[in-house]
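Novice: mmCIF, C-alpha atoms, file start.cif:
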```cif
data_structure
loop_
_atom_site.label_atom_id
_atom_site.label_comp_id
_atom_site.auth_asym_id
_atom_site.auth_seq_id
_atom_site.Cartn_x
_atom_site.Cartn_y
_atom_site.Cartn_z
CA MET N 1253 0.38 22.68 -10.11
CA LYS N 1254 0.12 24.42 -6.76
CA THR N 1255 3.09 23.70 -4.48
CA LEU N 1256 2.27 23.01 -0.86
CA GLN N 1257 4.05 24.91 1.88
CA LYS N 1258 6.77 22.66 3.23
CA ILE N 1259 6.65 21.65 6.86
CA PRO N 1260 9.71 22.94 8.78
CA SER N 1261 12.21 20.10 8.69
CA LEU N 1262 15.24 19.05 10.72
CA PHE N 1263 16.53 17.46 7.52
CA PRO N 1264 16.75 19.83 4.51
CA SER N 1265 17.08 16.80 2.21
CA ALA N 1266 13.75 15.31 3.30
CA LEU N 1267 12.23 15.83 -0.15
CA VAL N 1268 15.34 15.31 -2.27
CA ASN N 1269 14.17 11.85 -3.29
CA TYR N 1270 10.51 12.73 -3.81
CA PRO N 1271 9.71 10.35 -6.68
CA PHE N 1272 6.55 11.88 -8.18
CA THR N 1273 6.04 14.71 -10.67
CA ASP N 1274 2.64 15.46 -9.09
CA ASP N 1275 3.13 17.30 -5.77
CA ARG N 1276 -0.17 16.24 -4.18
CA PHE N 1277 1.58 13.58 -2.06
CA GLN N 1278 4.37 15.93 -0.99
CA LYS N 1279 3.20 16.53 2.58
CA GLU N 1280 2.67 12.82 3.25
CA TRP N 1281 6.05 11.97 1.72
CA GLU N 1282 7.95 14.48 3.84
CA LEU N 1283 6.23 13.38 7.05
CA ASN N 1284 7.08 9.75 6.28
CA GLU N 1285 10.69 10.71 5.51
CA LEU N 1286 10.89 12.43 8.89
CA CYS N 1287 9.56 9.28 10.60
CA LEU N 1288 6.28 11.07 11.35
CA GLY N 1289 4.16 8.56 9.47
CA PRO N 1290 1.83 6.81 8.96
CA VAL N 1291 -0.09 9.87 7.74
CA ALA N 1292 -3.89 10.03 7.65
CA GLY N 1293 -5.92 12.41 5.53
CA VAL N 1294 -9.25 13.56 6.99
CA ASP N 1295 -12.21 15.34 5.42
CA GLU N 1296 -15.91 15.83 6.07
CA ALA N 1297 -19.15 15.99 4.13
CA GLY N 1298 -22.40 17.59 5.19
CA ARG N 1299 -21.58 20.60 7.33
CA GLY N 1300 -23.96 22.92 5.49
CA PRO N 1301 -27.19 20.99 4.86
CA LEU N 1302 -30.47 21.52 6.68
CA ALA N 1303 -30.94 17.78 7.15
CA GLY N 1304 -28.94 14.63 7.77
CA PRO N 1305 -25.79 13.80 9.73
CA VAL N 1306 -22.30 15.16 9.22
CA THR N 1307 -19.88 12.53 7.95
CA ALA N 1308 -16.09 12.29 8.12
CA ALA N 1309 -13.56 9.91 6.65
CA ALA N 1310 -9.94 9.14 7.48
CA VAL N 1311 -7.60 7.47 4.98
CA ILE N 1312 -4.00 6.25 5.13
CA LEU N 1313 -2.74 5.73 1.59
CA ASN N 1314 0.00 3.33 0.54
CA PRO N 1315 2.92 5.38 -0.91
CA ASP N 1316 3.68 2.45 -3.23
CA ASP N 1317 0.13 2.29 -4.60
CA LEU N 1318 -1.32 5.74 -5.36
CA ASN N 1319 -4.14 6.83 -7.65
CA TRP N 1320 -3.62 10.30 -9.12
CA SER N 1321 -7.24 10.44 -10.27
CA LEU N 1322 -8.19 11.18 -6.65
CA ARG N 1323 -9.30 14.78 -6.21
CA ASP N 1324 -11.90 16.95 -4.48
CA SER N 1325 -15.07 14.85 -4.41
CA LYS N 1326 -17.20 17.86 -5.34
CA LYS N 1327 -15.38 18.02 -8.69
CA VAL N 1328 -15.83 14.32 -9.54
CA PRO N 1329 -18.89 13.01 -11.45
CA ALA N 1330 -21.01 10.58 -9.43
CA GLY N 1331 -20.09 7.50 -11.45
CA GLU N 1332 -16.36 8.14 -11.20
CA ARG N 1333 -16.77 8.98 -7.52
CA ASP N 1334 -18.13 5.48 -6.88
CA GLN N 1335 -15.18 3.95 -8.75
CA LEU N 1336 -12.70 5.99 -6.74
CA LYS N 1337 -14.48 5.04 -3.52
CA GLN N 1338 -14.00 1.37 -4.34
CA TRP N 1339 -10.36 1.96 -5.22
CA VAL N 1340 -9.70 3.62 -1.87
CA MET N 1341 -11.46 0.84 0.01
CA ASP N 1342 -9.43 -1.80 -1.86
CA HIS N 1343 -6.00 -0.13 -1.94
CA ALA N 1344 -5.61 2.16 1.08
CA ARG N 1345 -3.58 0.86 4.01
CA SER N 1346 -6.47 1.81 6.30
CA TRP N 1347 -9.69 3.78 6.01
CA ALA N 1348 -12.70 4.51 8.21
CA ILE N 1349 -15.87 6.60 8.28
CA GLY N 1350 -17.32 8.44 11.27
CA TRP N 1351 -20.69 10.09 11.81
CA ALA N 1352 -22.29 12.66 14.06
CA SER N 1353 -26.07 12.61 14.23
CA VAL N 1354 -28.59 15.39 13.79
CA GLU N 1355 -29.18 15.27 17.55
CA GLU N 1356 -25.46 15.77 18.20
CA ILE N 1357 -25.31 18.62 15.69
CA ASP N 1358 -28.16 20.37 17.49
CA ARG N 1359 -26.68 19.66 20.92
CA PHE N 1360 -23.04 20.61 20.32
CA ASN N 1361 -23.17 22.83 17.17
CA ILE N 1362 -22.03 21.84 13.70
CA LEU N 1363 -18.31 22.54 14.22
CA GLN N 1364 -18.04 20.40 17.35
CA ALA N 1365 -20.15 17.68 15.74
CA THR N 1366 -17.79 17.69 12.76
CA PHE N 1367 -14.80 17.23 15.06
CA LEU N 1368 -16.69 14.39 16.76
CA ALA N 1369 -17.26 12.63 13.44
CA MET N 1370 -13.57 13.07 12.56
CA ARG N 1371 -12.44 11.62 15.89
CA ARG N 1372 -14.75 8.66 15.40
CA ALA N 1373 -13.28 8.01 11.96
CA LEU N 1374 -9.72 8.22 13.28
CA ASP N 1375 -10.56 5.92 16.20
CA GLN N 1376 -11.69 3.22 13.76
CA LEU N 1377 -8.49 3.12 11.70
CA THR N 1378 -6.70 -0.22 12.00
CA ILE N 1379 -3.35 1.59 11.76
CA ARG N 1380 -2.56 4.39 14.22
CA PRO N 1381 -1.40 7.50 12.35
CA LYS N 1382 1.42 9.62 13.76
CA SER N 1383 0.38 12.62 11.67
CA ILE N 1384 -3.05 13.79 10.51
CA LEU N 1385 -3.73 16.19 7.64
CA VAL N 1386 -7.21 17.70 7.79
CA ASP N 1387 -8.98 19.78 5.17
CA GLY N 1388 -9.61 23.40 6.15
CA LYS N 1389 -8.12 26.00 8.47
CA LEU N 1390 -8.61 24.29 11.84
CA LYS N 1391 -6.93 21.47 13.72
CA ILE N 1392 -9.23 18.72 14.96
CA ALA N 1393 -10.21 19.56 18.53
CA GLY N 1394 -9.10 16.88 20.95
CA VAL N 1395 -6.65 15.23 18.53
CA THR N 1396 -2.87 15.55 18.77
CA GLY N 1397 -0.78 15.59 15.63
CA SER N 1398 -3.39 17.15 13.33
CA SER N 1399 -2.40 19.85 10.84
CA PRO N 1400 -4.89 21.88 8.76
CA VAL N 1401 -4.40 22.11 5.00
CA VAL N 1402 -6.35 24.86 3.25
CA SER N 1403 -8.07 23.44 0.14
CA GLY N 1404 -6.65 20.11 1.23
CA ASP N 1405 -9.18 18.10 -0.76
CA SER N 1406 -7.67 19.62 -3.93
CA VAL N 1407 -3.96 19.74 -3.06
CA CYS N 1408 -3.38 16.73 -0.78
CA LEU N 1409 -3.98 13.20 -2.10
CA SER N 1410 -4.84 11.59 1.26
CA ILE N 1411 -7.42 14.28 1.98
CA SER N 1412 -8.83 13.85 -1.53
CA ALA N 1413 -9.30 10.15 -0.78
CA ALA N 1414 -11.05 11.00 2.48
CA SER N 1415 -13.33 13.47 0.70
CA ILE N 1416 -14.41 10.75 -1.73
CA LEU N 1417 -15.30 8.33 1.08
CA ALA N 1418 -17.08 10.94 3.19
CA LYS N 1419 -19.24 12.21 0.34
CA THR N 1420 -20.19 8.82 -1.08
CA ALA N 1421 -21.06 7.51 2.39
CA ARG N 1422 -23.25 10.49 3.19
CA ASP N 1423 -24.90 10.53 -0.24
CA GLY N 1424 -25.79 6.87 0.23
CA TYR N 1425 -27.33 7.62 3.60
CA MET N 1426 -29.35 10.49 2.17
CA GLN N 1427 -30.68 8.14 -0.50
CA THR N 1428 -32.08 5.91 2.27
CA LEU N 1429 -33.73 8.98 3.80
CA HIS N 1430 -35.24 9.79 0.41
CA ASP N 1431 -36.79 6.33 0.35
CA GLN N 1432 -38.46 7.13 3.69
CA PHE N 1433 -39.34 10.75 2.89
CA PRO N 1434 -39.58 11.01 -0.92
CA GLY N 1435 -41.27 14.40 -0.86
CA TYR N 1436 -38.08 16.14 0.30
CA HIS N 1437 -35.89 15.10 -2.67
CA PHE N 1438 -33.00 14.04 -0.45
CA GLN N 1439 -31.62 11.86 -3.25
CA SER N 1440 -30.79 14.96 -5.29
CA ASN N 1441 -30.29 17.74 -2.73
CA ALA N 1442 -28.53 15.66 -0.01
CA GLY N 1443 -30.29 17.81 2.59
CA TYR N 1444 -28.98 21.13 1.26
CA ALA N 1445 -31.20 24.20 1.06
CA THR N 1446 -32.32 23.85 -2.55
CA ALA N 1447 -35.57 25.43 -3.69
CA ASN N 1448 -37.41 22.11 -3.92
CA HIS N 1449 -36.22 21.12 -0.45
CA ILE N 1450 -37.34 24.41 1.11
CA ARG N 1451 -40.72 24.18 -0.61
CA ALA N 1452 -41.15 20.67 0.82
CA ILE N 1453 -40.37 21.91 4.34
CA TYR N 1454 -43.03 24.62 4.10
CA GLU N 1455 -45.52 22.14 2.67
CA HIS N 1456 -44.85 19.09 4.85
CA GLY N 1457 -42.95 20.41 7.88
CA LEU N 1458 -39.67 19.16 9.34
CA THR N 1459 -38.75 15.48 9.51
CA PRO N 1460 -36.88 13.97 12.49
CA HIS N 1461 -33.77 14.23 10.32
CA HIS N 1462 -33.81 18.02 10.00
CA ARG N 1463 -31.43 20.13 12.08
CA ARG N 1464 -33.48 22.27 14.45
CA SER N 1465 -30.49 24.51 15.16
CA PHE N 1466 -30.30 25.59 11.51
CA ARG N 1467 -32.36 28.49 10.21
CA ILE N 1468 -34.82 27.57 7.47
CA PRO N 1469 -34.62 30.06 4.57
CA SER N 1470 -37.72 31.91 3.46
CA HIS N 1471 -40.02 30.25 0.95
CA PRO N 1472 -38.36 30.54 -2.50
CA ASP N 1473 -41.66 31.60 -4.09
CA HIS N 1474 -42.20 34.43 -1.58
CA ARG N 1475 -38.80 36.11 -1.68
CA ASP N 1476 -38.43 39.75 -2.67
CA GLN N 1477 -42.15 40.31 -2.34
CA SER N 1478 -43.32 43.41 -0.49
#
```
Using the file provided, produce a representation of the structure as structure tokens.

Specialist:
Amino acid sequence: MKTLQKIPSLFPSALVNYPFTDDRFQKEWELNELCLGPVAGVDEAGRGPLAGPVTAAAVILNPDDLNWSLRDSKKVPAGERDQLKQWVMDHARSWAIGWASVEEIDRFNILQATFLAMRRALDQLTIRPKSILVDGKLKIAGVTGSSPVVSGDSVCLSISAASILAKTARDGYMQTLHDQFPGYHFQSNAGYATANHIRAIYEHGLTPHHRRSFRIPSHPDHRDQS
């Protein structure tokens, strides 16, 4: 099990009483021990697709009620993902989902739109976190108390929970877009640049839900042809 880098502590004994054999709640535990909790985990879904919004989730877990089945949403089968989503919604101390629209992605760029979705999720939490752990290498712009955790959705339980909520929420939204635009296969590609999605764009054109600021790849049937 990968051990997370410890946050510099005024109290060397902050983790002496860490009660779990799994270290994926270590960062949250130490922050709570240092009176820097509640701790929220934050993750996003949908930065890379050609279509659809970018979604973020924020989750504050209950240290007395954890689910070690939580992990990176991309590594969880769809059926189990739905079960874990329901568990988080039922057992977390607080959770929320934020969105940034296609129009905002095109106006601000995808990174700033992602930060916007994250801030919206955090603003909706019913409990104000003192510390925020966010997946990736960057702090959340405009938010104090956020700390990046590389591969956080795999090594930090609160971020894993957020990744589950963000992905299931966005996948559900893309299913509704599929119902409106069935020819683009949004239910299976979630707006990503799959071959069937790109073929549909060349055949039918862009929908209002496509990101104009993103480059459309060449037609998959015409690549490598001289």

Novice: Using the chain letters and numbering of this document, enumerate as a list in words the residues selected by the PyMOL selection byres ((chain N and resi 1362-1375) around 7).

Specialist: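 Residues picked by the PyMOL selection byres ((chain N and resi 1362-1375) around 7): Arg1299, Val1306, Thr1307, Ala1308, Ala1309, Ala1310, Ala1348, Ile1349, Gly1350, Trp1351, Ala1352, Glu1356, Ile1357, Phe1360, Asn1361, Gln1376, Leu1377, Ile1392 and Ala1393 of chain N.
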
Novice: Determine, counting all atoms listed in the file, which protein, DNA and RNA residues have an atom within 10 Å of an atom of His1456 of chain N; residues of the same chain fewer than 6 positions away are not included. Present the result as JSON, numbers by chain.

Specialist: {"N": [1435, 1436, 1450]}

Novice: Work out how far apart atom CA of Phe1272 of chain N and atom CA of Ser1321 of chain N are and give it in Å to one decimal.

Specialist: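 About the pair atom CA of Phe1272 of chain N and atom CA of Ser1321 of chain N: they are 14.0 Å apart.
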
Novice: Selection in question (the file shown): the PyMOL selection byres ((chain N and resi 1468) around 8). Which residues does it include, as a list in words?

Specialist: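 Answer for the PyMOL selection byres ((chain N and resi 1468) around 8): Leu1302, Ile1450, Phe1466, Arg1467, Pro1469 and Ser1470 of chain N.
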
Novice: For Val1311 of chain N, which residue out of N:Ser1346, N:Ser1440, N:Gln1432, N:Thr1459 is the nearest one, using all atoms listed in the file?

Specialist: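 Closest candidate: N:Ser1346.
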
Novice: Considering only C-alpha atoms, state which residue in the set N:Lys1389, N:His1461, N:Arg1380, N:Lys1419 is at the smallest distance from Pro1290 of chain N.

Specialist: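 The shortest atom-to-atom distance to Pro1290 of chain N comes from N:Arg1380.
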
Novice: For Ser1403 of chain N, find every residue with an atom within 9 Å (counting only C-alpha atoms), except residues of its own chain fewer than 5 positions away, and show them as a list in words.

Specialist: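 Result of the neighbour search: Asp1324, Asp1387, Gly1388, Lys1389 and Cys1408 of chain N.
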
Novice: Those same residues, written as a compact mmCIF listing (two decimals), in the frame of the given file with C-alpha atoms?

Specialist:
```txt
# COMPACT_ATOMS: atom_id res chain seq x y z
CA ASP N 1324 -11.90 16.95 -4.48
CA ASP N 1387 -8.98 19.78 5.17
CA GLY N 1388 -9.61 23.40 6.15
CA LYS N 1389 -8.12 26.00 8.47
CA CYS N 1408 -3.38 16.73 -0.78
```

Novice: Report as JSON, numbers by chain all protein, DNA and RNA residues lying within 8 Å of Ser1325 of chain N, evaluated on only C-alpha atoms, omitting residues in the same chain fewer than 3 positions from it.

Specialist: {"N": [1328, 1333, 1405, 1412, 1415, 1416, 1419]}

Novice: Mind pulling up the distance from atom CA of Ala1418 of chain N to atom CA of Asp1431 of chain N?

Specialist: 20.4 Å

Novice: List as a list of chain:residue names the protein and nucleic acid residues near Gly1293 of chain N, meaning an atom at most 7 Å away when only C-alpha atoms are counted, but skip any in the same chain fewer than 4 places from it.

Specialist: N:Ala1310, N:Val1311, N:Ile1312, N:Ile1384, N:Leu1385, N:Val1386, N:Ser1410, N:Ile1411, N:Ala1414

Novice: Restricting the calculation to only C-alpha atoms: of N:Arg1359, N:His1471, N:Arg1276, N:His1462, which residue gets closest to Met1426 of chain N?

Specialist: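 Going through N:Arg1359, N:His1471, N:Arg1276, N:His1462 one by one, the smallest distance to Met1426 of chain N is for N:His1462.
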
Novice: Looking at N:Ser1465, N:Thr1396, N:Ser1353, N:Ser1406, which one is nearest to Phe1277 of chain N, with distances taken over only C-alpha atoms?

Specialist: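 Among the listed residues, N:Ser1406 lies closest to Phe1277 of chain N.
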
Novice: Using Å and a single decimal, report how far atom CA of Trp1320 of chain N sits from atom CA of His1343 of chain N.

Specialist: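 Computed distance, atom CA of His1343 of chain N to atom CA of Trp1320 of chain N, equals 12.9 Å.
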
Novice: Give the answer as one residue: which of N:Trp1281, N:Tyr1444, N:Phe1438, N:Phe1433 has the shortest atom-to-atom distance to Ala1297 of chain N, using all atoms listed in the file?

Specialist: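 Closest candidate: N:Tyr1444.
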
Novice: Can you tell me, as a list in words, what residues are no more than 12 Å from Asn1284 of chain N when counting all atoms listed in the file, ignoring any on the same chain fewer than 5 positions away?

Specialist: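 Returned residues: Ile1259, Ser1261, Ala1266, Leu1267, Tyr1270, Phe1277, Gln1278, Lys1279, Gly1289, Pro1290, Val1291, Ala1292, Ile1312, Leu1313, Asn1314, Pro1315, Pro1381, Lys1382, Ser1383 and Ile1384 of chain N.
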